[in-house]
file data.cif (mmCIF, C-alpha atoms and all ligand atoms)
data_upload
#
loop_
_atom_site.label_atom_id
_atom_site.label_comp_id
_atom_site.auth_asym_id
_atom_site.auth_seq_id
_atom_site.Cartn_x
_atom_site.Cartn_y
_atom_site.Cartn_z
CA MET A 1 109.28 123.49 100.21
CA ASP A 2 106.01 121.54 100.21
CA TYR A 3 105.63 120.79 96.51
CA GLY A 4 102.67 118.85 95.15
CA THR A 5 104.39 117.95 91.85
CA ILE A 6 107.71 118.55 90.12
CA LEU A 7 106.05 121.41 88.21
CA GLU A 8 105.72 123.42 91.41
CA GLU A 9 109.40 123.12 92.23
CA ARG A 10 111.29 126.41 92.15
CA THR A 11 115.04 126.95 92.09
CA ASN A 12 116.50 128.45 95.22
CA PRO A 13 117.65 132.00 94.26
CA ALA A 14 121.17 131.32 95.55
CA VAL A 15 121.41 128.18 93.43
CA LEU A 16 120.13 130.10 90.42
CA MET A 17 122.69 132.86 90.89
CA ASN A 18 125.48 130.35 91.29
CA ALA A 19 124.47 128.43 88.16
CA ARG A 20 124.34 131.65 86.17
CA GLU A 21 127.79 132.76 87.35
CA GLN A 22 129.36 129.42 86.50
CA TYR A 23 127.76 129.38 83.10
CA MET A 24 128.87 132.93 82.31
CA ARG A 25 132.41 132.09 83.33
CA GLN A 26 132.39 129.07 81.02
CA CYS A 27 130.97 131.09 78.15
CA ALA A 28 133.74 133.68 78.56
CA ARG A 29 136.30 130.89 78.18
CA GLY A 30 134.72 129.48 75.04
CA ASP A 31 131.94 127.07 74.23
CA PRO A 32 130.37 125.84 77.48
CA SER A 33 130.12 122.06 77.91
CA ALA A 34 126.80 120.27 77.58
CA ALA A 35 126.90 119.44 81.28
CA SER A 36 127.25 123.03 82.42
CA THR A 37 124.74 124.30 79.88
CA PHE A 38 122.28 121.75 81.21
CA ALA A 39 122.96 122.72 84.83
CA PHE A 40 122.29 126.34 83.90
CA ALA A 41 119.12 125.50 81.94
CA HIS A 42 117.85 123.28 84.74
CA ALA A 43 118.21 126.12 87.23
CA MET A 44 116.66 128.68 84.89
CA ILE A 45 113.50 126.70 84.18
CA GLY A 46 112.85 126.68 87.92
CA SER A 47 113.00 130.47 88.15
CA LYS A 48 109.92 132.44 89.17
CA ASN A 49 110.71 134.80 86.30
CA LYS A 50 109.10 133.73 83.06
CA LEU A 51 111.88 135.25 80.98
CA ASP A 52 114.45 133.10 82.78
CA VAL A 53 112.37 130.02 82.05
CA LYS A 54 112.28 130.97 78.38
CA GLU A 55 116.05 131.43 78.34
CA GLY A 56 116.37 127.96 79.86
CA ILE A 57 114.13 126.58 77.13
CA VAL A 58 116.35 128.07 74.44
CA CYS A 59 119.37 126.32 76.01
CA LEU A 60 117.54 122.99 76.19
CA GLU A 61 116.43 123.25 72.57
CA LYS A 62 120.00 123.93 71.54
CA LEU A 63 121.26 120.96 73.56
CA LEU A 64 118.64 118.71 72.02
CA ARG A 65 119.79 119.77 68.58
CA ASP A 66 123.55 119.76 69.12
CA ASP A 67 124.41 117.26 71.83
CA GLU A 68 125.55 114.05 70.19
CA ASP A 69 125.11 112.00 73.34
CA ARG A 70 122.08 109.84 72.74
CA THR A 71 121.21 109.13 76.37
CA SER A 72 121.23 112.83 77.19
CA LYS A 73 118.53 113.66 74.68
CA ARG A 74 115.81 112.06 76.81
CA ASN A 75 116.81 114.38 79.65
CA TYR A 76 116.38 117.43 77.46
CA VAL A 77 113.02 116.29 76.12
CA TYR A 78 111.79 115.62 79.66
CA TYR A 79 112.89 119.01 80.95
CA LEU A 80 111.48 120.80 77.92
CA ALA A 81 108.12 119.32 78.91
CA VAL A 82 108.62 120.53 82.48
CA ALA A 83 109.68 124.01 81.39
CA HIS A 84 106.81 124.58 78.97
CA ALA A 85 104.29 123.39 81.55
CA ARG A 86 105.70 125.83 84.11
CA ILE A 87 104.94 128.73 81.80
CA LYS A 88 101.58 127.19 80.94
CA GLN A 89 102.44 126.28 77.35
CA TYR A 90 100.67 123.01 77.85
CA ASP A 91 100.40 121.97 74.21
CA LEU A 92 104.18 122.00 73.89
CA ALA A 93 104.59 120.35 77.27
CA LEU A 94 102.32 117.47 76.26
CA GLY A 95 104.04 117.30 72.88
CA TYR A 96 107.43 116.76 74.49
CA ILE A 97 106.32 114.29 77.13
CA ASP A 98 104.54 112.25 74.46
CA VAL A 99 107.78 112.07 72.49
CA LEU A 100 109.45 110.56 75.53
CA LEU A 101 106.54 108.21 76.21
CA ASP A 102 106.63 107.05 72.60
CA ALA A 103 110.20 105.96 73.15
CA GLU A 104 109.77 104.69 76.74
CA GLY A 105 106.13 103.75 77.25
CA ASP A 106 106.70 102.26 80.71
CA ASN A 107 108.74 105.10 82.11
CA GLN A 108 107.08 105.87 85.45
CA GLN A 109 108.80 109.24 85.79
CA ALA A 110 107.48 110.33 82.38
CA LYS A 111 103.98 109.03 83.15
CA THR A 112 103.96 110.93 86.42
CA LEU A 113 104.97 114.11 84.63
CA LYS A 114 102.21 113.71 82.08
CA GLU A 115 99.66 113.30 84.89
CA SER A 116 101.04 116.42 86.57
CA ILE A 117 100.74 118.41 83.36
CA LYS A 118 97.15 117.27 82.91
CA SER A 119 96.21 118.13 86.45
CA ALA A 120 97.82 121.56 86.07
CA MET A 121 95.66 122.04 82.96
CA THR A 122 92.55 120.99 84.83
CA HIS A 123 93.51 123.40 87.57
CA ASP A 124 93.80 126.19 85.00
CA GLY A 125 90.47 125.19 83.46
CA LEU A 126 92.17 124.14 80.24
CA ILE A 127 91.30 120.50 79.87
CA GLY A 128 89.58 120.04 76.56
CA ALA A 129 90.85 123.33 75.19
CA ALA A 130 92.05 123.17 71.60
CA ILE A 131 95.74 122.44 71.18
CA VAL A 132 97.43 125.44 69.62
CA GLY A 133 98.74 124.60 66.17
CA GLY A 134 101.85 126.78 65.91
CA GLY A 135 103.65 125.31 68.87
CA ALA A 136 103.10 121.73 67.87
CA LEU A 137 104.46 122.51 64.41
CA ALA A 138 107.66 124.00 65.79
CA LEU A 139 107.98 120.87 67.87
CA ALA A 140 107.75 118.48 64.92
CA GLY A 141 111.29 119.26 63.76
CA LEU A 142 112.82 118.61 67.16
CA VAL A 143 110.83 115.44 67.61
CA ALA A 144 112.33 114.13 64.40
CA ILE A 145 115.80 114.84 65.74
CA PHE A 146 115.04 112.95 68.92
CA SER A 147 113.49 109.92 67.20
CA MET A 148 116.33 109.65 64.70
CA SER A 149 118.90 109.73 67.45
CA ARG A 150 117.36 106.67 69.05
CA LYS A 151 118.58 104.40 66.32
CA MET B 1 97.83 121.87 94.37
CA THR B 2 95.62 119.27 95.96
CA ALA B 3 93.71 120.48 98.99
CA ALA B 4 94.87 117.57 101.15
CA PRO B 5 94.66 118.35 104.83
CA TYR B 6 97.94 119.44 106.37
CA ASN B 7 97.76 116.85 109.09
CA TYR B 8 101.44 116.58 109.81
CA SER B 9 103.83 118.46 112.07
CA TYR B 10 106.96 118.61 109.94
CA ILE B 11 108.27 118.12 106.45
CA PHE B 12 111.70 116.48 106.21
CA LYS B 13 113.63 116.70 102.98
CA TYR B 14 115.76 113.68 101.98
CA ILE B 15 118.06 113.02 99.08
CA ILE B 16 119.05 109.63 97.69
CA ILE B 17 122.50 109.46 96.10
CA GLY B 18 124.80 106.83 94.63
CA ASP B 19 126.03 105.36 91.35
CA MET B 20 123.81 104.57 88.38
CA GLY B 21 121.77 101.42 88.70
CA VAL B 22 122.31 100.76 92.41
CA GLY B 23 118.55 100.88 92.96
CA LYS B 24 117.82 104.39 94.27
CA SER B 25 114.56 104.76 92.35
CA CYS B 26 113.47 101.24 93.27
CA LEU B 27 114.09 101.95 96.96
CA LEU B 28 112.00 105.12 96.75
CA HIS B 29 109.24 103.32 94.86
CA GLN B 30 109.26 100.44 97.34
CA PHE B 31 108.99 102.90 100.21
CA THR B 32 106.23 105.08 98.74
CA GLU B 33 104.25 102.50 96.75
CA LYS B 34 105.28 99.20 98.35
CA LYS B 35 106.02 97.85 94.88
CA PHE B 36 109.13 96.73 93.06
CA MET B 37 109.90 98.04 89.59
CA ALA B 38 111.72 95.24 87.81
CA ASP B 39 112.61 97.27 84.75
CA CYS B 40 113.38 100.79 85.76
CA PRO B 41 114.91 103.25 83.27
CA HIS B 42 117.67 105.60 84.44
CA THR B 43 116.28 108.56 86.31
CA ILE B 44 116.16 111.81 84.39
CA GLY B 45 117.73 114.57 86.47
CA VAL B 46 115.85 114.48 89.73
CA GLU B 47 112.51 113.11 90.79
CA PHE B 48 110.69 113.21 94.10
CA GLY B 49 108.26 111.15 96.09
CA THR B 50 106.46 111.73 99.37
CA ARG B 51 105.05 109.69 102.20
CA ILE B 52 103.69 110.57 105.62
CA ILE B 53 105.18 108.60 108.48
CA GLU B 54 104.92 108.73 112.25
CA VAL B 55 107.76 109.26 114.69
CA SER B 56 107.05 109.43 118.44
CA GLY B 57 103.39 110.10 117.75
CA GLN B 58 104.17 113.01 115.40
CA LYS B 59 103.14 112.87 111.76
CA ILE B 60 106.00 113.77 109.44
CA LYS B 61 105.85 114.22 105.71
CA LEU B 62 108.96 112.93 103.98
CA GLN B 63 109.80 114.70 100.75
CA ILE B 64 112.36 112.45 99.09
CA TRP B 65 114.49 113.58 96.14
CA ASP B 66 115.79 110.76 94.01
CA THR B 67 118.80 111.87 91.96
CA ALA B 68 120.22 110.47 88.71
CA GLY B 69 123.48 108.62 89.16
CA GLN B 70 124.68 109.65 85.70
CA GLU B 71 128.04 111.41 86.09
CA ARG B 72 127.28 113.87 83.32
CA PHE B 73 124.60 115.64 85.31
CA ARG B 74 126.34 115.71 88.66
CA ALA B 75 126.27 119.51 88.62
CA VAL B 76 122.47 119.43 88.66
CA THR B 77 122.07 116.75 91.28
CA ARG B 78 124.63 118.49 93.52
CA SER B 79 122.31 121.48 93.82
CA TYR B 80 119.83 119.24 95.66
CA TYR B 81 122.12 118.40 98.57
CA ARG B 82 121.65 121.83 100.00
CA GLY B 83 118.93 121.81 102.58
CA ALA B 84 118.58 118.06 102.95
CA ALA B 85 117.82 116.86 106.47
CA GLY B 86 118.59 113.28 105.51
CA ALA B 87 120.81 111.70 102.88
CA LEU B 88 120.55 108.05 101.86
CA MET B 89 123.78 106.95 100.21
CA VAL B 90 123.30 103.76 98.24
CA TYR B 91 125.65 101.14 96.75
CA ASP B 92 124.95 97.76 95.18
CA ILE B 93 126.31 94.79 97.18
CA THR B 94 126.84 92.87 93.93
CA ARG B 95 128.99 95.57 92.30
CA ARG B 96 132.24 96.45 94.04
CA SER B 97 132.76 99.61 91.95
CA THR B 98 129.61 101.19 93.39
CA TYR B 99 131.02 100.61 96.86
CA ASN B 100 134.44 101.97 95.92
CA HIS B 101 132.83 105.23 94.82
CA LEU B 102 131.26 105.82 98.23
CA SER B 103 134.13 107.98 99.44
CA SER B 104 133.48 110.48 96.67
CA TRP B 105 129.71 110.43 97.33
CA LEU B 106 130.41 110.92 101.01
CA ALA B 107 132.79 113.81 100.35
CA ASP B 108 130.04 115.52 98.35
CA ALA B 109 127.43 114.81 100.98
CA LYS B 110 129.62 116.15 103.79
CA SER B 111 130.65 119.29 101.97
CA LEU B 112 127.28 120.18 100.45
CA THR B 113 124.83 119.37 103.25
CA ASN B 114 124.81 120.91 106.70
CA PRO B 115 126.59 119.30 109.67
CA ASN B 116 123.31 118.03 111.11
CA THR B 117 122.27 116.08 108.03
CA ALA B 118 121.66 112.45 108.95
CA ILE B 119 123.60 110.32 106.49
CA PHE B 120 122.48 106.73 106.10
CA LEU B 121 124.43 104.08 104.18
CA ILE B 122 122.40 101.47 102.27
CA GLY B 123 123.83 98.32 100.71
CA ASN B 124 121.05 97.46 98.25
CA LYS B 125 120.15 94.24 96.39
CA ALA B 126 120.71 92.13 99.52
CA ASP B 127 118.41 89.53 97.93
CA LEU B 128 121.23 88.65 95.51
CA GLU B 129 123.36 86.93 98.17
CA ASP B 130 124.96 84.52 95.67
CA GLN B 131 126.32 87.47 93.66
CA ARG B 132 127.64 89.37 96.67
CA ASP B 133 130.78 91.37 95.92
CA VAL B 134 131.03 93.45 99.10
CA PRO B 135 131.14 91.71 102.51
CA TYR B 136 128.72 93.02 105.12
CA GLU B 137 131.47 93.47 107.72
CA GLU B 138 133.59 95.59 105.42
CA ALA B 139 130.77 98.04 104.74
CA LYS B 140 129.82 98.04 108.41
CA ALA B 141 133.39 99.04 109.32
CA PHE B 142 133.36 101.80 106.69
CA ALA B 143 130.09 103.11 108.11
CA GLU B 144 131.43 103.13 111.66
CA GLU B 145 134.63 104.92 110.66
CA ASN B 146 132.57 107.63 109.03
CA GLY B 147 129.81 107.92 111.60
CA LEU B 148 127.08 106.63 109.30
CA THR B 149 124.14 104.42 110.12
CA PHE B 150 124.18 101.32 107.94
CA LEU B 151 121.74 98.68 106.72
CA GLU B 152 121.65 96.19 103.89
CA CYS B 153 118.30 96.36 102.11
CA SER B 154 116.46 94.93 99.19
CA ALA B 155 114.21 97.12 97.11
CA LYS B 156 113.01 93.88 95.53
CA THR B 157 111.79 92.04 98.62
CA GLY B 158 111.33 95.22 100.66
CA SER B 159 113.54 93.94 103.44
CA ASN B 160 114.86 96.76 105.69
CA VAL B 161 113.61 99.45 103.32
CA GLU B 162 111.11 100.89 105.81
CA ASP B 163 113.75 100.84 108.52
CA ALA B 164 116.26 102.84 106.51
CA PHE B 165 113.80 105.66 105.84
CA LEU B 166 112.28 105.59 109.33
CA GLU B 167 115.59 105.40 111.20
CA THR B 168 116.78 108.47 109.35
CA ALA B 169 113.60 110.31 110.35
CA LYS B 170 114.08 109.27 113.97
CA GLN B 171 117.61 110.66 113.98
CA ILE B 172 116.42 113.96 112.55
CA TYR B 173 113.54 114.13 115.01
CA GLN B 174 115.95 113.40 117.84
CA ASN B 175 118.17 116.26 116.65
CA ILE B 176 115.17 118.59 116.76
CA GLN B 177 114.18 117.40 120.23
CA ASP B 178 117.63 117.84 121.76
CA GLY B 179 118.12 121.22 120.10
CA SER B 180 121.12 120.30 117.96
CA LEU B 181 119.06 121.07 114.88
CA ASP B 182 118.03 124.70 115.01
CA LEU B 183 114.73 125.08 113.20
CA ASN B 184 115.38 128.77 112.60
CA ALA B 185 118.62 128.17 110.74
CA ALA B 186 118.62 128.22 106.93
CA ASP B 187 118.63 125.05 104.83
CA THR B 188 117.96 122.55 107.60
CA GLY B 189 115.68 120.53 105.36
CA VAL B 190 113.06 120.60 108.10
CA GLN B 191 109.95 122.70 107.89
CA PRO B 192 107.53 122.88 110.81
CA LYS B 193 103.84 123.02 110.06
CA GLN B 194 103.37 126.67 111.12
CA ASN B 195 105.14 127.96 108.02
CA LEU B 196 103.08 126.00 105.56
CA PRO B 197 100.75 127.81 103.22
CA ARG B 198 97.18 127.21 104.29
CA ALA B 199 95.70 127.34 100.83
CA ALA B 200 92.23 126.05 100.12
CA GLU B 201 91.44 125.83 103.78
CA ASN B 202 88.01 127.37 104.04
CA ASN B 203 87.32 127.53 100.36
CA GLY B 204 84.40 129.90 100.42
CA LYS B 205 82.71 128.10 103.27
CA LYS B 206 81.61 130.13 106.21
CA ASP B 207 83.29 128.73 109.25
CA CYS B 208 82.59 131.60 111.60
CA ASN B 209 80.70 130.32 114.58
CA CYS B 210 79.07 133.59 115.58
N1 LIG C 1 117.60 91.96 92.56
C1 LIG C 1 117.43 93.25 92.80
N2 LIG C 1 117.40 94.15 91.79
C2 LIG C 1 117.22 95.45 92.10
C3 LIG C 1 117.06 95.91 93.43
N3 LIG C 1 116.91 97.25 93.40
C4 LIG C 1 116.97 97.62 92.10
N4 LIG C 1 117.15 96.55 91.31
C5 LIG C 1 117.29 96.58 89.84
O1 LIG C 1 118.39 97.36 89.50
C6 LIG C 1 118.14 98.17 88.36
C7 LIG C 1 118.44 99.64 88.62
O2 LIG C 1 117.58 100.13 89.63
P1 LIG C 1 117.22 101.70 89.70
O3 LIG C 1 116.36 101.91 90.91
O4 LIG C 1 116.69 102.18 88.42
O5 LIG C 1 118.66 102.34 89.92
P2 LIG C 1 119.01 103.87 90.19
O6 LIG C 1 120.01 103.89 91.30
O7 LIG C 1 117.79 104.67 90.39
O8 LIG C 1 119.75 104.29 88.82
P3 LIG C 1 119.87 105.77 88.14
O9 LIG C 1 118.51 106.36 88.10
O10 LIG C 1 120.45 105.53 86.80
O11 LIG C 1 120.83 106.55 88.98
C8 LIG C 1 116.67 97.93 88.00
O12 LIG C 1 116.59 97.13 86.86
C9 LIG C 1 116.08 97.24 89.18
O13 LIG C 1 115.09 96.33 88.84
C10 LIG C 1 117.09 94.93 94.48
O14 LIG C 1 116.97 95.22 95.68
N5 LIG C 1 117.28 93.62 94.11
MG MG C 2 116.96 106.18 89.40
#
call {"tool": "encode", "arguments": {"input": "data.cif", "output": "structure tokens"}}
result
Amino acid sequence: MDYGTILEERTNPAVLMNAREQYMRQCARGDPSAASTFAFAHAMIGSKNKLDVKEGIVCLEKLLRDDEDRTSKRNYVYYLAVAHARIKQYDLALGYIDVLLDAEGDNQQAKTLKESIKSAMTHDGLIGAAIVGGGALALAGLVAIFSMSRK
Amino acid sequence: MTAAPYNYSYIFKYIIIGDMGVGKSCLLHQFTEKKFMADCPHTIGVEFGTRIIEVSGQKIKLQIWDTAGQERFRAVTRSYYRGAAGALMVYDITRRSTYNHLSSWLADAKSLTNPNTAIFLIGNKADLEDQRDVPYEEAKAFAEENGLTFLECSAKTGSNVEDAFLETAKQIYQNIQDGSLDLNAADTGVQPKQNLPRAAENNGKKDCNC
């Protein structure tokens, strides 16, 4: 319960199970709504299991691409940064948080997250390590989607 | 992650709930940083802040979860009610609609927290007296009917902000002292120091005194 930063937060297993059940039920009925997909993704990226986190990332990427609601996109970008940092894909995490900071330079919540990502990198001895090219490239497409949607 | 000394006896978990734009994030920021954010963007999902306070000579770390008021993500913010020892329910005294929605916020808080959760009602933006849309007496009566503690605050001037957070902690501490809050129960939102991880304590240093 004593978290240092949002990156250390983990989803309570009961909450995770509940979110999964609700999402599955929705999927069985047809296309799940953006709100319930997000609730599911949010729970998954807090899982201790790396595969769950990755599944959550796939949902968030899909939401970022498909959800027409402009104000929701910033939520997805923010949580994509959180999720990638939790599985130590720091180049992608920084890529996403910088997209948000480009749009909202004064956003304290985003600044705090960036600091947390950097301190996690320092902790893992990664500050100064080369940014991996492949990830950043994959990100470029999504960034374009986000920036366009701001207009 | 930081190796700060664990010099507190308890952690209390709080949540802050209420409509968009009522000033939840500003209240948290005022309490943790003693600053006012004039231009604050809507919170994304959920954020948290911490501050160590003192109640009856005991140091208590408050871990405060600030939720987004955006209706669309209510499913996410609802998952944070569970295991909150304190809930601050906020409306904006200059916007009647935010007050009218309190009954639905309260219904959520009552059904999703445990019976011991201290629920505190905050009428924020009290500095904007000339734009007041909700009379003090009316909110006070609502609070009394529902067994809530109530204060009008201003995240801008800081007035009553400390009191709201500290009063809630006092109520929780009181519940621990008189035994109505059972520390062994699940999801109380209170964690005594004994259960905390003691990471980075001796960090390679020899502390054996033999
Ligand atoms: N005058 C005045 N303005 C305030 C006060 N508290 C907050 N505000 C302003 O109200 C706006 C919204 O405040 P926030 O703290 O972002 O509101 P919130 O409840 O966190 O909103 P969401 O994150 O969208 O749920 C900001 O522009 C603040 O500057 C206050 O006590 N007095
Ligand atoms: Mg906010």
call {"tool": "residues_around", "arguments": {"input": "data.cif", "residues": "region 21-27 of chain A", "least_positions_apart": "5", "cutoff": "9 Å", "atoms": "only C-alpha atoms", "output": "PyMOL selection string"}}
result
chain A and resi 16+32-33+36-37+39-40
call {"tool": "write_last_selection", "arguments": {"input": "data.cif", "atoms": "C-alpha atoms", "output": "short mmCIF file (atom, residue, chain, number, x, y, z; two decimals), in the frame of the given file"}}
result
data_model
loop_
_atom_site.label_atom_id
_atom_site.label_comp_id
_atom_site.auth_asym_id
_atom_site.auth_seq_id
_atom_site.Cartn_x
_atom_site.Cartn_y
_atom_site.Cartn_z
CA LEU A 16 120.13 130.10 90.42
CA PRO A 32 130.37 125.84 77.48
CA SER A 33 130.12 122.06 77.91
CA SER A 36 127.25 123.03 82.42
CA THR A 37 124.74 124.30 79.88
CA ALA A 39 122.96 122.72 84.83
CA PHE A 40 122.29 126.34 83.90
#
call {"tool": "residues_near_ligand", "arguments": {"input": "data.cif", "ligand": "ligand LIG 1 (chain C)", "cutoff": "8 Å", "atoms": "all atoms listed in the file", "output": "VMD selection string"}}
result
chain B and resid 17 to 28 36 to 44 66 to 70 90 124 to 128 153 to 158
call {"tool": "residues_around", "arguments": {"input": "data.cif", "residues": "region 75-82 of chain B", "least_positions_apart": "3", "cutoff": "7 Å", "atoms": "only C-alpha atoms", "output": "ChimeraX atom specification"}}
result
/A:15,39 /B:15,45-46,67,109,112-113,187
call {"tool": "residues_around", "arguments": {"input": "data.cif", "residues": "Glu137 (chain B)", "least_positions_apart": "6", "cutoff": "12 Å", "atoms": "all atoms listed in the file", "output": "mmCIF file with C-alpha atoms, keeping the file's coordinate frame"}}
result
data_model
loop_
_atom_site.group_PDB
_atom_site.id
_atom_site.type_symbol
_atom_site.label_atom_id
_atom_site.label_comp_id
_atom_site.auth_asym_id
_atom_site.auth_seq_id
_atom_site.Cartn_x
_atom_site.Cartn_y
_atom_site.Cartn_z
ATOM 1 C CA ILE B 93 126.310 94.790 97.180
ATOM 2 C CA GLY B 123 123.830 98.320 100.710
ATOM 3 C CA ALA B 143 130.090 103.110 108.110
ATOM 4 C CA GLU B 144 131.430 103.130 111.660
ATOM 5 C CA PHE B 150 124.180 101.320 107.940
ATOM 6 C CA LEU B 151 121.740 98.680 106.720
ATOM 7 C CA GLU B 152 121.650 96.190 103.890
#
call {"tool": "atom_distance", "arguments": {"input": "data.cif", "atom1": "CA of Asn18 (chain A)", "atom2": "CA of Asp52 (chain A)"}}
result
14.2 Å
call {"tool": "closest_residue", "arguments": {"input": "data.cif", "among": "B:Thr50, B:Gln131, B:Gln58, B:Asn175", "to": "chain A", "atoms": "only C-alpha atoms"}}
result
B:Thr50
call {"tool": "atom_distance", "arguments": {"input": "data.cif", "atom1": "CA of Thr117 (chain B)", "atom2": "CA of Lys35 (chain B)"}}
result
27.7 Å
call {"tool": "build_atoms", "arguments": {"input": "data.cif", "residues": "region 127-134 of chain B", "atoms": "all heavy atoms", "output": "PDB file, in the frame of the given file"}}
result
ATOM      1  N   ASP B 127     119.036  90.809  98.338  1.00  0.00           N
ATOM      2  CA  ASP B 127     118.410  89.530  97.930  1.00  0.00           C
ATOM      3  C   ASP B 127     119.341  88.707  97.035  1.00  0.00           C
ATOM      4  O   ASP B 127     119.172  87.497  96.921  1.00  0.00           O
ATOM      5  CB  ASP B 127     117.082  89.801  97.215  1.00  0.00           C
ATOM      6  CG  ASP B 127     117.237  90.721  96.016  1.00  0.00           C
ATOM      7  OD1 ASP B 127     117.515  91.931  96.235  1.00  0.00           O
ATOM      8  OD2 ASP B 127     117.100  90.279  94.883  1.00  0.00           O
ATOM      9  N   LEU B 128     120.326  89.362  96.430  1.00  0.00           N
ATOM     10  CA  LEU B 128     121.230  88.650  95.510  1.00  0.00           C
ATOM     11  C   LEU B 128     122.485  88.151  96.243  1.00  0.00           C
ATOM     12  O   LEU B 128     123.608  88.444  95.843  1.00  0.00           O
ATOM     13  CB  LEU B 128     121.628  89.567  94.342  1.00  0.00           C
ATOM     14  CG  LEU B 128     120.474  90.100  93.483  1.00  0.00           C
ATOM     15  CD1 LEU B 128     120.976  91.106  92.450  1.00  0.00           C
ATOM     16  CD2 LEU B 128     119.739  88.951  92.793  1.00  0.00           C
ATOM     17  N   GLU B 129     122.263  87.406  97.314  1.00  0.00           N
ATOM     18  CA  GLU B 129     123.360  86.930  98.170  1.00  0.00           C
ATOM     19  C   GLU B 129     124.425  86.166  97.370  1.00  0.00           C
ATOM     20  O   GLU B 129     125.627  86.337  97.601  1.00  0.00           O
ATOM     21  CB  GLU B 129     122.777  86.039  99.273  1.00  0.00           C
ATOM     22  CG  GLU B 129     123.781  85.577 100.313  1.00  0.00           C
ATOM     23  CD  GLU B 129     124.513  86.713 101.026  1.00  0.00           C
ATOM     24  OE1 GLU B 129     123.832  87.673 101.456  1.00  0.00           O
ATOM     25  OE2 GLU B 129     125.750  86.643 101.147  1.00  0.00           O
ATOM     26  N   ASP B 130     123.997  85.334  96.419  1.00  0.00           N
ATOM     27  CA  ASP B 130     124.960  84.520  95.670  1.00  0.00           C
ATOM     28  C   ASP B 130     125.869  85.353  94.752  1.00  0.00           C
ATOM     29  O   ASP B 130     126.882  84.862  94.280  1.00  0.00           O
ATOM     30  CB  ASP B 130     124.228  83.444  94.849  1.00  0.00           C
ATOM     31  CG  ASP B 130     123.105  84.018  93.995  1.00  0.00           C
ATOM     32  OD1 ASP B 130     122.569  85.085  94.369  1.00  0.00           O
ATOM     33  OD2 ASP B 130     122.770  83.429  92.957  1.00  0.00           O
ATOM     34  N   GLN B 131     125.471  86.610  94.504  1.00  0.00           N
ATOM     35  CA  GLN B 131     126.320  87.470  93.660  1.00  0.00           C
ATOM     36  C   GLN B 131     127.068  88.518  94.469  1.00  0.00           C
ATOM     37  O   GLN B 131     127.623  89.472  93.926  1.00  0.00           O
ATOM     38  CB  GLN B 131     125.463  88.184  92.612  1.00  0.00           C
ATOM     39  CG  GLN B 131     124.831  87.259  91.598  1.00  0.00           C
ATOM     40  CD  GLN B 131     123.801  87.991  90.745  1.00  0.00           C
ATOM     41  OE1 GLN B 131     124.026  89.113  90.299  1.00  0.00           O
ATOM     42  NE2 GLN B 131     122.665  87.368  90.519  1.00  0.00           N
ATOM     43  N   ARG B 132     127.052  88.358  95.795  1.00  0.00           N
ATOM     44  CA  ARG B 132     127.640  89.370  96.670  1.00  0.00           C
ATOM     45  C   ARG B 132     129.100  89.643  96.319  1.00  0.00           C
ATOM     46  O   ARG B 132     129.887  88.730  96.120  1.00  0.00           O
ATOM     47  CB  ARG B 132     127.522  88.919  98.132  1.00  0.00           C
ATOM     48  CG  ARG B 132     128.158  89.882  99.121  1.00  0.00           C
ATOM     49  CD  ARG B 132     128.122  89.326 100.535  1.00  0.00           C
ATOM     50  NE  ARG B 132     126.782  89.336 101.119  1.00  0.00           N
ATOM     51  CZ  ARG B 132     126.251  90.409 101.701  1.00  0.00           C
ATOM     52  NH1 ARG B 132     126.921  91.534 101.765  1.00  0.00           N
ATOM     53  NH2 ARG B 132     125.051  90.329 102.222  1.00  0.00           N
ATOM     54  N   ASP B 133     129.431  90.946  96.282  1.00  0.00           N
ATOM     55  CA  ASP B 133     130.780  91.370  95.920  1.00  0.00           C
ATOM     56  C   ASP B 133     131.392  92.233  97.031  1.00  0.00           C
ATOM     57  O   ASP B 133     132.581  92.536  97.007  1.00  0.00           O
ATOM     58  CB  ASP B 133     130.692  92.184  94.607  1.00  0.00           C
ATOM     59  CG  ASP B 133     131.982  92.183  93.813  1.00  0.00           C
ATOM     60  OD1 ASP B 133     132.870  91.370  94.135  1.00  0.00           O
ATOM     61  OD2 ASP B 133     132.091  92.985  92.869  1.00  0.00           O
ATOM     62  N   VAL B 134     130.551  92.633  97.984  1.00  0.00           N
ATOM     63  CA  VAL B 134     131.030  93.450  99.100  1.00  0.00           C
ATOM     64  C   VAL B 134     130.571  92.797 100.410  1.00  0.00           C
ATOM     65  O   VAL B 134     129.368  92.698 100.668  1.00  0.00           O
ATOM     66  CB  VAL B 134     130.438  94.888  99.035  1.00  0.00           C
ATOM     67  CG1 VAL B 134     130.982  95.740 100.174  1.00  0.00           C
ATOM     68  CG2 VAL B 134     130.733  95.540  97.686  1.00  0.00           C
TER      69      VAL B 134
END
